[in-house]
>>> print(open('data.tsv').read())   # TSV, C-alpha atoms
chain	number	residue	atom	x	y	z
C	1	MET	CA	0.00	0.00	0.00
C	2	PRO	CA	1.23	3.55	-0.69
C	3	LYS	CA	3.00	5.12	2.28
C	4	ILE	CA	2.26	8.75	3.13
C	5	HIS	CA	4.21	10.74	5.73
C	6	ILE	CA	2.46	13.78	7.23
C	7	LEU	CA	4.38	16.55	8.99
C	8	GLU	CA	1.75	18.61	10.81
C	9	ASP	CA	2.03	20.05	14.32
C	10	ASP	CA	-1.74	20.36	14.89
C	11	GLU	CA	-2.74	17.07	16.52
C	12	ASN	CA	-6.37	17.26	15.40
C	13	ILE	CA	-5.52	17.93	11.74
C	14	ARG	CA	-2.78	15.32	11.76
C	15	GLY	CA	-5.10	12.75	13.27
C	16	LEU	CA	-7.87	13.57	10.77
C	17	ILE	CA	-5.54	13.16	7.80
C	18	CYS	CA	-4.07	9.90	9.10
C	19	TYR	CA	-7.52	8.47	9.79
C	20	ALA	CA	-8.89	9.49	6.38
C	21	LEU	CA	-5.90	8.12	4.50
C	22	SER	CA	-5.87	4.86	6.46
C	23	SER	CA	-9.56	4.35	5.67
C	24	GLN	CA	-8.71	4.67	1.97
C	25	GLY	CA	-6.00	2.02	2.06
C	26	PHE	CA	-2.95	4.22	2.59
C	27	ASP	CA	-0.21	3.59	5.15
C	28	ALA	CA	-0.27	7.00	6.87
C	29	VAL	CA	2.43	8.06	9.34
C	30	GLY	CA	2.07	11.32	11.27
C	31	HIS	CA	4.89	13.51	12.59
C	32	GLU	CA	4.57	16.48	14.94
C	33	ARG	CA	8.06	18.02	14.72
C	34	ALA	CA	10.43	18.80	11.87
C	35	LYS	CA	13.43	17.69	13.94
C	36	GLY	CA	14.60	14.32	12.67
C	37	PHE	CA	11.90	14.21	9.99
C	38	ILE	CA	14.33	13.75	7.08
C	39	ASP	CA	16.08	10.84	8.78
C	40	LYS	CA	12.74	9.22	9.61
C	41	ILE	CA	11.39	9.32	6.08
C	42	LYS	CA	14.69	8.07	4.65
C	43	ALA	CA	14.44	5.09	6.97
C	44	ASP	CA	10.80	4.50	5.97
C	45	MET	CA	10.62	5.76	2.39
C	46	PRO	CA	7.28	7.41	1.54
C	47	ASP	CA	5.46	7.53	-1.78
C	48	LEU	CA	4.29	11.06	-0.96
C	49	VAL	CA	4.79	13.69	1.76
C	50	ILE	CA	2.23	16.12	3.16
C	51	LEU	CA	4.10	19.05	4.67
C	52	ASP	CA	2.78	21.91	6.77
C	53	ILE	CA	4.56	25.25	6.30
C	54	MET	CA	3.93	26.71	9.76
C	55	LEU	CA	5.84	24.46	12.15
C	56	PRO	CA	7.03	25.32	15.68
C	57	ASP	CA	10.65	24.21	15.32
C	58	GLU	CA	11.49	24.74	11.63
C	59	ASP	CA	9.85	26.39	8.64
C	60	GLY	CA	8.21	23.86	6.33
C	61	LEU	CA	9.86	25.44	3.31
C	62	SER	CA	13.24	24.66	4.84
C	63	VAL	CA	12.22	21.01	5.24
C	64	LEU	CA	11.03	20.99	1.62
C	65	LYS	CA	14.41	22.27	0.42
C	66	LYS	CA	16.16	19.47	2.31
C	67	ILE	CA	13.93	16.92	0.61
C	68	ARG	CA	14.68	18.33	-2.83
C	69	ALA	CA	18.42	18.42	-2.08
C	70	ASP	CA	18.57	14.73	-1.15
C	71	ILE	CA	19.29	12.34	-4.04
C	72	GLU	CA	17.05	9.66	-2.54
C	73	LEU	CA	14.12	11.93	-1.71
C	74	GLU	CA	14.22	14.51	-4.50
C	75	ASP	CA	11.54	12.88	-6.69
C	76	ILE	CA	8.99	12.25	-3.94
C	77	PRO	CA	5.78	14.29	-4.47
C	78	VAL	CA	5.19	16.91	-1.77
C	79	ILE	CA	1.87	18.58	-1.01
C	80	MET	CA	2.15	21.73	1.10
C	81	LEU	CA	-0.58	22.21	3.67
C	82	THR	CA	-0.85	25.55	5.45
C	83	ALA	CA	-3.16	28.08	7.03
C	84	LYS	CA	-1.63	30.72	4.82
C	85	GLY	CA	-3.59	31.30	1.66
C	86	SER	CA	-1.98	34.29	0.02
C	87	GLU	CA	-0.73	34.09	-3.54
C	88	PHE	CA	2.79	34.95	-2.32
C	89	ASP	CA	2.92	31.96	0.05
C	90	LYS	CA	1.59	29.65	-2.65
C	91	VAL	CA	4.19	30.83	-5.14
C	92	MET	CA	6.95	30.49	-2.54
C	93	GLY	CA	5.96	26.90	-1.86
C	94	LEU	CA	5.73	25.91	-5.51
C	95	ASP	CA	8.95	27.69	-6.43
C	96	SER	CA	10.73	25.83	-3.61
C	97	GLY	CA	9.82	22.51	-5.19
C	98	ALA	CA	6.34	21.63	-3.90
C	99	ASP	CA	4.15	19.64	-6.28
C	100	ASP	CA	0.87	20.96	-4.91
C	101	TYR	CA	-0.57	23.35	-2.35
C	102	MET	CA	-3.71	23.27	-0.19
C	103	SER	CA	-4.91	25.92	2.24
C	104	LYS	CA	-6.64	25.23	5.55
C	105	PRO	CA	-9.47	24.57	5.99
C	106	PHE	CA	-9.43	21.92	3.30
C	107	SER	CA	-11.58	19.10	1.97
C	108	VAL	CA	-10.27	15.66	2.95
C	109	LEU	CA	-11.84	14.16	-0.16
C	110	GLU	CA	-10.06	16.71	-2.35
C	111	LEU	CA	-6.77	16.00	-0.56
C	112	ILE	CA	-7.15	12.27	-1.22
C	113	SER	CA	-8.01	12.97	-4.86
C	114	ARG	CA	-4.88	15.07	-5.27
C	115	ILE	CA	-2.74	12.42	-3.56
C	116	ASN	CA	-4.00	9.76	-5.97
C	117	ALA	CA	-3.33	12.05	-8.94
C	118	HIS	CA	0.27	12.67	-7.87
C	119	LEU	CA	0.89	8.98	-7.22
C	120	ARG	CA	-0.40	8.12	-10.71
C	121	ARG	CA	1.92	10.71	-12.25
C	122	ARG	CA	4.88	9.42	-10.25
C	123	ASN	CA	4.22	5.83	-11.30
C	124	LYS	CA	4.06	6.83	-14.96
C	125	LYS	CA	7.25	8.86	-14.58
C	126	ASN	CA	9.06	5.94	-12.98
C	127	GLU	CA	7.91	3.63	-15.77
C	128	HIS	CA	9.15	6.11	-18.35
C	129	ASN	CA	12.47	6.56	-16.56
C	130	ASN	CA	12.81	2.80	-16.02
C	131	VAL	CA	13.20	3.25	-12.26
C	132	ILE	CA	12.02	0.98	-9.45
C	133	SER	CA	11.81	2.58	-6.00
C	134	GLN	CA	10.49	0.64	-3.00
C	135	LEU	CA	11.13	0.63	0.75
C	136	GLY	CA	14.00	3.08	0.51
C	137	ILE	CA	15.81	1.19	-2.27
C	138	THR	CA	15.99	2.69	-5.76
C	139	ILE	CA	17.09	0.86	-8.91
C	140	ASP	CA	17.87	2.80	-12.09
C	141	LEU	CA	17.53	0.09	-14.72
C	142	ASP	CA	19.00	2.17	-17.54
C	143	LYS	CA	22.12	3.13	-15.58
C	144	ARG	CA	22.16	-0.19	-13.69
C	145	MET	CA	22.67	1.72	-10.46
C	146	VAL	CA	21.27	1.05	-6.98
C	147	TYR	CA	20.79	3.65	-4.25
C	148	THR	CA	19.84	3.31	-0.60
C	149	GLU	CA	19.89	5.93	2.16
C	150	GLY	CA	21.17	8.42	-0.44
C	151	GLU	CA	24.27	6.32	-1.11
C	152	THR	CA	25.30	4.29	-4.15
C	153	VAL	CA	25.39	0.52	-3.59
C	154	ASN	CA	27.93	-1.30	-5.74
C	155	LEU	CA	26.50	-4.65	-6.83
C	156	THR	CA	27.77	-7.36	-9.13
C	157	LEU	CA	25.79	-8.21	-12.26
C	158	LYS	CA	24.06	-11.16	-10.61
C	159	GLU	CA	23.34	-9.26	-7.40
C	160	PHE	CA	21.75	-6.47	-9.43
C	161	ASP	CA	19.56	-8.90	-11.39
C	162	LEU	CA	18.64	-10.66	-8.15
C	163	LEU	CA	17.53	-7.43	-6.45
C	164	LYS	CA	15.61	-6.40	-9.58
C	165	LEU	CA	13.74	-9.72	-9.57
C	166	PHE	CA	12.84	-9.38	-5.89
C	167	MET	CA	11.64	-5.77	-6.23
C	168	GLU	CA	9.58	-6.56	-9.33
C	169	ASN	CA	7.80	-9.20	-7.23
C	170	ASN	CA	7.36	-7.08	-4.09
C	171	GLY	CA	5.43	-9.03	-1.45
C	172	LYS	CA	5.53	-12.31	-3.40
C	173	ALA	CA	7.55	-15.41	-2.56
C	174	VAL	CA	10.06	-16.21	-5.31
C	175	SER	CA	11.26	-19.81	-5.46
C	176	ARG	CA	14.92	-20.74	-5.84
C	177	GLU	CA	14.05	-22.46	-9.12
C	178	ARG	CA	12.54	-19.28	-10.52
C	179	ILE	CA	15.50	-17.23	-9.29
C	180	ILE	CA	17.93	-19.57	-11.04
C	181	GLU	CA	15.90	-19.40	-14.25
C	182	ALA	CA	15.61	-15.59	-14.20
C	183	VAL	CA	19.14	-14.71	-13.05
C	184	TRP	CA	21.34	-17.59	-14.22
C	185	GLY	CA	19.26	-19.23	-16.97
C	186	TRP	CA	18.02	-22.76	-17.57
C	187	GLU	CA	21.49	-24.01	-18.53
C	188	PHE	CA	22.91	-23.23	-15.10
C	189	GLU	CA	24.31	-26.44	-13.59
C	190	GLY	CA	25.27	-25.14	-10.16
C	191	GLU	CA	23.53	-25.77	-6.85
C	192	SER	CA	20.66	-23.79	-5.35
C	193	ARG	CA	23.13	-22.92	-2.59
C	194	THR	CA	24.60	-20.45	-5.08
C	195	VAL	CA	21.37	-18.45	-4.77
C	196	ASP	CA	21.66	-18.39	-0.99
C	197	MET	CA	25.25	-17.19	-1.16
C	198	HIS	CA	24.35	-14.33	-3.51
C	199	VAL	CA	21.38	-13.34	-1.35
C	200	LYS	CA	23.68	-13.25	1.67
C	201	THR	CA	26.14	-10.87	0.01
C	202	LEU	CA	23.28	-8.78	-1.41
C	203	ARG	CA	21.81	-8.35	2.07
C	204	GLN	CA	25.21	-7.33	3.44
C	205	LYS	CA	25.72	-4.70	0.75
C	206	LEU	CA	22.23	-3.26	1.33
C	207	GLY	CA	22.99	-2.78	5.04
C	208	GLU	CA	19.85	-2.15	7.09
C	209	LYS	CA	17.74	-2.44	3.94
C	210	GLY	CA	18.93	-6.03	3.61
C	211	LYS	CA	16.19	-6.91	6.07
C	212	CYS	CA	13.71	-6.27	3.25
C	213	ILE	CA	14.75	-9.62	1.76
C	214	GLU	CA	13.02	-12.28	3.82
C	215	THR	CA	13.73	-16.01	3.71
C	216	VAL	CA	10.63	-18.09	2.96
C	217	ARG	CA	11.37	-21.49	4.42
C	218	GLY	CA	11.19	-24.33	1.92
C	219	ILE	CA	10.53	-21.98	-1.01
C	220	GLY	CA	12.97	-19.14	-1.52
C	221	TYR	CA	12.81	-15.44	-0.73
C	222	ARG	CA	10.38	-12.54	-0.54
C	223	PHE	CA	11.03	-8.79	-0.81
C	224	GLY	CA	8.86	-6.56	1.37
C	225	GLU	CA	8.35	-5.09	4.83
>>> encode(input="data.tsv", output="structure tokens")
Amino acid sequence: MPKIHILEDDENIRGLICYALSSQGFDAVGHERAKGFIDKIKADMPDLVILDIMLPDEDGLSVLKKIRADIELEDIPVIMLTAKGSEFDKVMGLDSGADDYMSKPFSVLELISRINAHLRRRNKKNEHNNVISQLGITIDLDKRMVYTEGETVNLTLKEFDLLKLFMENNGKAVSRERIIEAVWGWEFEGESRTVDMHVKTLRQKLGEKGKCIETVRGIGYRFGE
């Protein structure tokens, strides 16, 4: 399910948004303070961010600029949510890299509609750019590059193909036989233990994100939370 992170200091508004999004099948996570927000979303990569401008500890526009300056977060859609409704504030938000802008009070149904629209655009963009991005791991298929936590991960050819296979089957168990067929080919005469060894090194290179690759006893592996 799409993950949405909400940075909003007003508890009532934050709770309303989280409840509404959860009821529509989103994984909504609310945050009250800007402090540590960037680190939190990098550890739990969102599909979209809802960001309030008026925050008690840091201006929302400053948080937005940090998102746009981070190689791992820069393409995430951001909707600005604020009590300010002047044209100047709207322009400031959009010029700073926001994808959309809503003024309080707002319609929850309209907010959900806009979220869905931005997610559709992002999915089409990723398809066009040949990019897979899930759970904080990004694969650029054209460049054959992998990024996690804003850092480049250097993988071998087989490790790259293995990760690609797992991420293309997010949430599904992939058998060792299918892995061998997809990554090594039918003519491969080695043992299935070769798969396990490659998965082990792949997990190590992914660091904390290696936990996303789960062993499915008696079958193979599954990529997911």
>>> residues_around(input="data.tsv", residues="Tyr19 of chain C", least_positions_apart="4", cutoff="8 Å", atoms="all atoms listed in the file", output="list in words")
Gly15, Ser23 and Ala28 of chain C
>>> residues_around(input="data.tsv", residues="segment 5-10 of chain C", least_positions_apart="5", cutoff="9 Å", atoms="only C-alpha atoms", output="list in words")
Gly15, Ile17, Cys18, Asp27, Ala28, Val29, Gly30, His31, Glu32, Arg33, Ala34, Phe37, Ile41, Met45, Pro46, Asp47, Leu48, Val49, Ile50, Leu51, Asp52, Ile53, Met54, Leu55, Pro56, Gly60 and Leu81 of chain C
>>> residues_around(input="data.tsv", residues="Phe160 of chain C", least_positions_apart="3", cutoff="9 Å", atoms="all atoms listed in the file", output="PyMOL selection string")
chain C and resi 139+144-146+154-157+163-165+202
>>> closest_residue(input="data.tsv", among="C:Val108, C:Leu61, C:Leu73, C:Val174", to="Asp39 of chain C", atoms="all atoms listed in the file")
C:Leu73
>>> closest_residue(input="data.tsv", among="C:Thr201, C:Tyr221, C:Asp59, C:Leu206", to="Arg178 of chain C", atoms="all atoms listed in the file")
C:Tyr221
>>> residues_around(input="data.tsv", residues="Phe106 of chain C", least_positions_apart="5", cutoff="12 Å", atoms="all atoms listed in the file", output="MDAnalysis selection string")
chainID C and resid 13 16:17 80:85 101 111:112 114
>>> write_last_selection(input="data.tsv", atoms="C-alpha atoms", output="PDB file, in the coordinates of the input")
ATOM      1  CA  ILE C  13      -5.520  17.930  11.740  1.00  0.00           C
ATOM      2  CA  LEU C  16      -7.870  13.570  10.770  1.00  0.00           C
ATOM      3  CA  ILE C  17      -5.540  13.160   7.800  1.00  0.00           C
ATOM      4  CA  MET C  80       2.150  21.730   1.100  1.00  0.00           C
ATOM      5  CA  LEU C  81      -0.580  22.210   3.670  1.00  0.00           C
ATOM      6  CA  THR C  82      -0.850  25.550   5.450  1.00  0.00           C
ATOM      7  CA  ALA C  83      -3.160  28.080   7.030  1.00  0.00           C
ATOM      8  CA  LYS C  84      -1.630  30.720   4.820  1.00  0.00           C
ATOM      9  CA  GLY C  85      -3.590  31.300   1.660  1.00  0.00           C
ATOM     10  CA  TYR C 101      -0.570  23.350  -2.350  1.00  0.00           C
ATOM     11  CA  LEU C 111      -6.770  16.000  -0.560  1.00  0.00           C
ATOM     12  CA  ILE C 112      -7.150  12.270  -1.220  1.00  0.00           C
ATOM     13  CA  ARG C 114      -4.880  15.070  -5.270  1.00  0.00           C
TER      14      ARG C 114
END
>>> atom_distance(input="data.tsv", atom1="atom CA of Glu151 of chain C", atom2="atom CA of Lys209 of chain C")
12.0 Å
>>> closest_residue(input="data.tsv", among="C:Asp196, C:Asp57, C:Glu177, C:Asp140", to="Thr152 of chain C", atoms="all atoms listed in the file")
C:Asp140
>>> residues_around(input="data.tsv", residues="Leu119 of chain C", least_positions_apart="3", cutoff="9 Å", atoms="only C-alpha atoms", output="count of residues only")
10
>>> closest_residue(input="data.tsv", among="C:Val153, C:Ala173, C:Ala69, C:Leu162", to="Ile38 of chain C", atoms="all atoms listed in the file")
C:Ala69
>>> atom_distance(input="data.tsv", atom1="atom CA of Asp161 of chain C", atom2="atom CA of Glu149 of chain C")
20.1 Å
>>> closest_residue(input="data.tsv", among="C:Leu94, C:Met1, C:Leu135, C:Val199", to="Gly224 of chain C", atoms="all atoms listed in the file")
C:Leu135
>>> closest_residue(input="data.tsv", among="C:Ile76, C:Gly136, C:Lys143, C:Ile67", to="Gly210 of chain C", atoms="only C-alpha atoms")
C:Gly136
>>> decode(input="data.tsv", residues="segment 105-117 of chain C", atoms="all heavy atoms", output="mmCIF file, in the first residue's frame")
data_model
loop_
_atom_site.group_PDB
_atom_site.id
_atom_site.type_symbol
_atom_site.label_atom_id
_atom_site.label_comp_id
_atom_site.auth_asym_id
_atom_site.auth_seq_id
_atom_site.Cartn_x
_atom_site.Cartn_y
_atom_site.Cartn_z
ATOM 1 N N PRO C 105 -8.956 25.946 5.911
ATOM 2 C CA PRO C 105 -9.471 24.574 5.995
ATOM 3 C C PRO C 105 -9.551 23.930 4.613
ATOM 4 O O PRO C 105 -9.694 24.615 3.611
ATOM 5 C CB PRO C 105 -10.856 24.755 6.600
ATOM 6 C CG PRO C 105 -11.268 26.120 6.148
ATOM 7 C CD PRO C 105 -10.015 26.950 6.138
ATOM 8 N N PHE C 106 -9.472 22.616 4.579
ATOM 9 C CA PHE C 106 -9.428 21.921 3.299
ATOM 10 C C PHE C 106 -10.405 20.748 3.311
ATOM 11 O O PHE C 106 -10.867 20.294 4.367
ATOM 12 C CB PHE C 106 -8.017 21.403 3.027
ATOM 13 C CG PHE C 106 -7.517 20.473 4.097
ATOM 14 C CD1 PHE C 106 -7.733 19.105 4.018
ATOM 15 C CD2 PHE C 106 -6.827 20.970 5.197
ATOM 16 C CE1 PHE C 106 -7.282 18.260 5.011
ATOM 17 C CE2 PHE C 106 -6.374 20.130 6.198
ATOM 18 C CZ PHE C 106 -6.600 18.767 6.108
ATOM 19 N N SER C 107 -10.717 20.260 2.121
ATOM 20 C CA SER C 107 -11.583 19.097 1.971
ATOM 21 C C SER C 107 -10.719 17.839 1.981
ATOM 22 O O SER C 107 -9.790 17.712 1.181
ATOM 23 C CB SER C 107 -12.365 19.178 0.653
ATOM 24 O OG SER C 107 -12.912 17.929 0.307
ATOM 25 N N VAL C 108 -11.023 16.908 2.883
ATOM 26 C CA VAL C 108 -10.269 15.657 2.950
ATOM 27 C C VAL C 108 -10.424 14.870 1.657
ATOM 28 O O VAL C 108 -9.465 14.271 1.157
ATOM 29 C CB VAL C 108 -10.727 14.818 4.156
ATOM 30 C CG1 VAL C 108 -10.070 13.438 4.123
ATOM 31 C CG2 VAL C 108 -10.390 15.514 5.463
ATOM 32 N N LEU C 109 -11.611 14.878 1.082
ATOM 33 C CA LEU C 109 -11.839 14.159 -0.164
ATOM 34 C C LEU C 109 -10.996 14.744 -1.293
ATOM 35 O O LEU C 109 -10.447 14.015 -2.122
ATOM 36 C CB LEU C 109 -13.324 14.192 -0.535
ATOM 37 C CG LEU C 109 -14.262 13.391 0.372
ATOM 38 C CD1 LEU C 109 -15.705 13.547 -0.095
ATOM 39 C CD2 LEU C 109 -13.866 11.922 0.380
ATOM 40 N N GLU C 110 -10.894 16.077 -1.321
ATOM 41 C CA GLU C 110 -10.063 16.711 -2.346
ATOM 42 C C GLU C 110 -8.590 16.370 -2.123
ATOM 43 O O GLU C 110 -7.849 16.121 -3.087
ATOM 44 C CB GLU C 110 -10.244 18.222 -2.332
ATOM 45 C CG GLU C 110 -9.419 18.925 -3.418
ATOM 46 C CD GLU C 110 -9.567 20.439 -3.400
ATOM 47 O OE1 GLU C 110 -10.382 20.957 -2.595
ATOM 48 O OE2 GLU C 110 -8.859 21.103 -4.185
ATOM 49 N N LEU C 111 -8.155 16.347 -0.864
ATOM 50 C CA LEU C 111 -6.773 16.004 -0.558
ATOM 51 C C LEU C 111 -6.463 14.593 -1.047
ATOM 52 O O LEU C 111 -5.423 14.356 -1.685
ATOM 53 C CB LEU C 111 -6.527 16.101 0.946
ATOM 54 C CG LEU C 111 -5.135 15.671 1.439
ATOM 55 C CD1 LEU C 111 -4.043 16.532 0.823
ATOM 56 C CD2 LEU C 111 -5.072 15.723 2.967
ATOM 57 N N ILE C 112 -7.352 13.645 -0.777
ATOM 58 C CA ILE C 112 -7.152 12.270 -1.218
ATOM 59 C C ILE C 112 -7.112 12.184 -2.743
ATOM 60 O O ILE C 112 -6.295 11.466 -3.326
ATOM 61 C CB ILE C 112 -8.250 11.356 -0.651
ATOM 62 C CG1 ILE C 112 -8.101 11.244 0.869
ATOM 63 C CG2 ILE C 112 -8.201 9.976 -1.295
ATOM 64 C CD1 ILE C 112 -9.225 10.505 1.553
ATOM 65 N N SER C 113 -7.984 12.944 -3.395
ATOM 66 C CA SER C 113 -8.009 12.972 -4.858
ATOM 67 C C SER C 113 -6.685 13.481 -5.422
ATOM 68 O O SER C 113 -6.139 12.922 -6.384
ATOM 69 C CB SER C 113 -9.162 13.850 -5.347
ATOM 70 O OG SER C 113 -9.168 13.933 -6.757
ATOM 71 N N ARG C 114 -6.153 14.519 -4.803
ATOM 72 C CA ARG C 114 -4.883 15.068 -5.273
ATOM 73 C C ARG C 114 -3.728 14.098 -5.021
ATOM 74 O O ARG C 114 -2.816 13.974 -5.846
ATOM 75 C CB ARG C 114 -4.605 16.406 -4.584
ATOM 76 C CG ARG C 114 -5.579 17.510 -4.979
ATOM 77 C CD ARG C 114 -5.046 18.862 -4.561
ATOM 78 N NE ARG C 114 -6.022 19.927 -4.758
ATOM 79 C CZ ARG C 114 -5.729 21.216 -4.709
ATOM 80 N NH1 ARG C 114 -4.480 21.603 -4.451
ATOM 81 N NH2 ARG C 114 -6.646 22.130 -4.884
ATOM 82 N N ILE C 115 -3.766 13.424 -3.869
ATOM 83 C CA ILE C 115 -2.740 12.425 -3.565
ATOM 84 C C ILE C 115 -2.733 11.335 -4.632
ATOM 85 O O ILE C 115 -1.679 10.967 -5.173
ATOM 86 C CB ILE C 115 -2.979 11.809 -2.173
ATOM 87 C CG1 ILE C 115 -2.665 12.830 -1.079
ATOM 88 C CG2 ILE C 115 -2.120 10.555 -1.983
ATOM 89 C CD1 ILE C 115 -3.059 12.372 0.302
ATOM 90 N N ASN C 116 -3.909 10.818 -4.963
ATOM 91 C CA ASN C 116 -4.004 9.763 -5.975
ATOM 92 C C ASN C 116 -3.493 10.245 -7.331
ATOM 93 O O ASN C 116 -2.820 9.495 -8.051
ATOM 94 C CB ASN C 116 -5.459 9.298 -6.108
ATOM 95 C CG ASN C 116 -5.892 8.416 -4.945
ATOM 96 O OD1 ASN C 116 -5.100 7.643 -4.416
ATOM 97 N ND2 ASN C 116 -7.149 8.521 -4.541
ATOM 98 N N ALA C 117 -3.784 11.494 -7.666
ATOM 99 C CA ALA C 117 -3.331 12.045 -8.943
ATOM 100 C C ALA C 117 -1.807 12.114 -8.992
ATOM 101 O O ALA C 117 -1.187 11.753 -10.002
ATOM 102 C CB ALA C 117 -3.936 13.427 -9.161
#
